[in-house]
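Below is one structure; the comments refer to it alone.
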Amino acid sequence: MEPLDRLDKDSILTERVFQELFDQEDEIKKARLMIALADRAEELGVKVKFNTILRAYKKVDREMRKKSPSLVENWTNFEGPYDNMRCGLWIASDHGIYAQKEGGLEDVACYHPILPIERLKNLETGDEQLKLAFKRNNRWEEIIVPKDLIATASKITALSKRGVAVTSENAKLLVRFLSDVENFNDNQIQVQYSTSKLGWIKSGFIPYDTEIVFDGDSRFKQVFESIEQHGNRELWYEHIRQLRKTGRLEIKFMLAAAFASVLIGPLGALPFFVDLWGETEGGKSVTLMLACSVWASPDESRYIGDFKTTDVALEARADLLNNLPMMLDDTSKTSSRIRDNFEGIVYDLCSGKGKSRSNKELGMNRENRWRNVILTNGERPLNSYVTQGGAINRILEVECGEKVYRDPQTTAELVKKNYGFAGREFVSVLKKIGFEEVERIQQEIQRKIHNDEKMQKQSISLSIVLTADRIVTDHLFKDGQYISLDDAAQVLVDRNELSDNERCYQYILSEVDINRAKFDAMSQTNEKWGMIEHGYAVIYNNIFDSICKKGGFSRKAFLSWADRNGLIQTQGGQLTKVKKAEEKTIRCVFIKMDASIDKNGFQSVEDANIQEELPFK
């Protein structure tokens with residue numbers, strides 16, 4: 001054959017080139033030459049024409065193999081879109097696959113065509129899977145299965161539920177056939193890198209970059225398939241721009257949070273919640289659907305999930321989504337397992353890392369990991385389900401006011417039919433501007449919203465949301481409808497509000513106030529909690545323990561903090577005091593009813609305030 005560098009865009013398409021290619025008897029040399037010619041055709045700008053002619057020659061070559069006994073021997077002879085493969089001594093045709101025995105007898109390995117066509121190597125685990133093609137009822141189907149499933153006769157029978165005709169009788173032969181075909185055609189079967197996660201994988205973004213394919217859990221097939229571009233792009237953008245012009249923070253913030261999810265990983269941040277709460281009929285569900293339409297179909301039971309599940313399932317879902325936002329509808333509808341450990345779920349999801357688990361071989365399974373934003377909604381704030389400040393610190397609350405939409409039904413129907421465009425375009429924008437620029441924007445915004453009275457973790461989360469908002473406003477919507485810093489600051493929580501011990505103090509005072517009768521010696525109630533005197537609530541020790549336990553607070557941590565802040569009376573180095581009540585000596589907690597009362601029970605006020613209250617000067 002003429003040297004490749006001498007071939008031009010006309011000569012590479014001549015019959016002589018293809019005849020010399022297919023006259024190659026050595027299949028390895030033929031494959032290498034075919035690749036080299038394809039690369040040269042691409043350099044010359046005629047790759048499409050080259051591939052069209054190549055497919056025609058392959059088809060003719062297959063037909064010749066079927067008609068010629070000398071060529072059919074030791075090859076599969078399946079009619080269909082797949083190239084025939086070496087199969088050794090197996091007889092493989094559309095009539096089935098058979099193993100030859102002495103005396104001309106044959107054993108059935110499978111009653112229909114089946115062969116491996118691609119190897120998938122998972123980037124996270126290194127595990128391999130095989131893509132199998134099989135033909136039933138004159139129709140070819142493709143399935144992806146773990147390599148170990150087709151390596152043993154006891155496991156391969158599981159393929160029967162996928163439509164493969166395999167039983168315990170022919171299982172061993174089918175294992176041998178598939179193994180032989182894979183090994184005889186090692187150079188022909190392409191190795192494709194795969195992942196079971198979405199979002200940023202190496203330098204690409206799944207599912208938009210096709211160099212890496214998805215091989216995730218079949219349980220989440222509907223989630224993966226919902227991430228697509230569907231409907232009319234311009235119609236979606238025009239409607240969203242009109243909604244953003246209304247100035248509703250609920251709409252702009254939830255949209256920005258949906259975009260911000262893919263910034264978490266590259267910016268090295270931890271996951272966090274964005275929760276939209278408010279009374280029913282306010283537009284919470286429609287707003288969540290709106291945010292979902294950035295990436296995927298917001299239709300019921302596709303991308304958006306809920307809390308009616310288990311913590312393990314939520315962890316697996318977060319691992320799958322990886323960088324894409326996890327959306328969970330209605331915090332009030334939870335399974336009992338989630339309800340009993342809501343705070344733990346918040347901590348776990350915001351840690352970005354699942355629990356370590358062993359497998360039945362006593363090895364360790366791959367740890368689930370993710371870096372994304374979790375979007376939720378409900379009638380009550382999400383932080384009302386948790387008590388610890390660490391959990392609240394991971395939640396950005398947005399209150400949903402009345403009548404967010406003039407016509408919520410129109411918006412819901414529109415985003416169900418038009419979705420998935422903005423997410424893909426946002427990823428393209430990020431690749432174009434680079435993450436150094438994204439980080440610069442985020443750091444600039446974080447400096448602007450920094451406030452010593454606000455929690456740092458919340459400020460970081462908010463800065464990422466505002467970074468996404470700025471980028472999509474400038475590059476996608478181009479409408480100047482930024483979220484203002486003043487509006488954004490509304491979602492931040494003051495340090496004092498977030499402090500576990502401060503909240504415990506307020507909780508104890510509210511319990512005392514609600515149960516005043518139990519502190520009144522003259523009341524008729526039989527249950528006594530203590531007494532109130534000189535501006536202090538004197539609470540029996542066991543009652544105080546019960547109050548802390550009920551509120552989910554640490555008695556020891558609170559008393560230590562209260563002592564440092566002068567909110568309790570101590571005795572002999574102990575954080576409680578002995579009190580005589582009903583002729584009994586009882587150890588009690590003496591806690592101030594008002595932080596401005598001094599240790600002697602007097603109100604401390606500023607001199608200026610005294611002057612204002614005097615009737616004369």
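Each chain of the structure tokens is named A, B, ... in the order shown, its residues numbered from 1; ligands are numbered from 1 in display order.
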### Message
Env of region 276-292 of chain A: 8 Å cut, atoms = only C-alpha atoms, seq-sep filter 4 positions within chain, self excluded. Answer as a ChimeraX atom specification.
### Response
/A:250-251,254-255,257-258,296-299,303-304,327,329,375-382,397-405,408,411-412,415
Determine, for each residue of region 174-213 of chain A having at least one atom at most 8 Å from an atom of region 122-141 of chain A, the closest pair of atoms and their separation in Å to one decimal, counting only C-alpha atoms; order by chain and ascending number, as a Markdown table.
```
| residue | atom | partner | partner_atom | distance |
| --- | --- | --- | --- | --- |
| A:Tyr193 | CA | A:Asn122 | CA | 6.0 |
| A:Ser194 | CA | A:Asn122 | CA | 4.7 |
| A:Thr195 | CA | A:Asn122 | CA | 5.2 |
| A:Ser196 | CA | A:Asn122 | CA | 7.4 |
```
Keeping C-alpha atoms for every residue in the selection just given, could you write it to a file as a JSON list (two decimals), in the first residue's frame?
```
[["chain", "number", "residue", "atom", "x", "y", "z"],
["A", 193, "TYR", "CA", -13.97, 4.11, 30.57],
["A", 194, "SER", "CA", -17.14, 4.45, 32.60],
["A", 195, "THR", "CA", -18.48, 5.97, 35.79],
["A", 196, "SER", "CA", -21.42, 5.42, 38.10]]
```
### Task
Mind the document's chain letters and residue numbers, and return as a ChimeraX atom specification the residues of region 288-437 of chain A that DSSP labels alpha helix (DSSP H).
/A:288-292,311-321,336-339,342-351,389-392,408-417,421-433,435-437
### Task
Would you list, as a ChimeraX atom specification, the residues of region 422-604 of chain A that end up in strand (DSSP E or B) under DSSP run on this structure's backbone?
/A:454,494,530-533,536-540,568-569,571,574,577-581,584-592,597,603
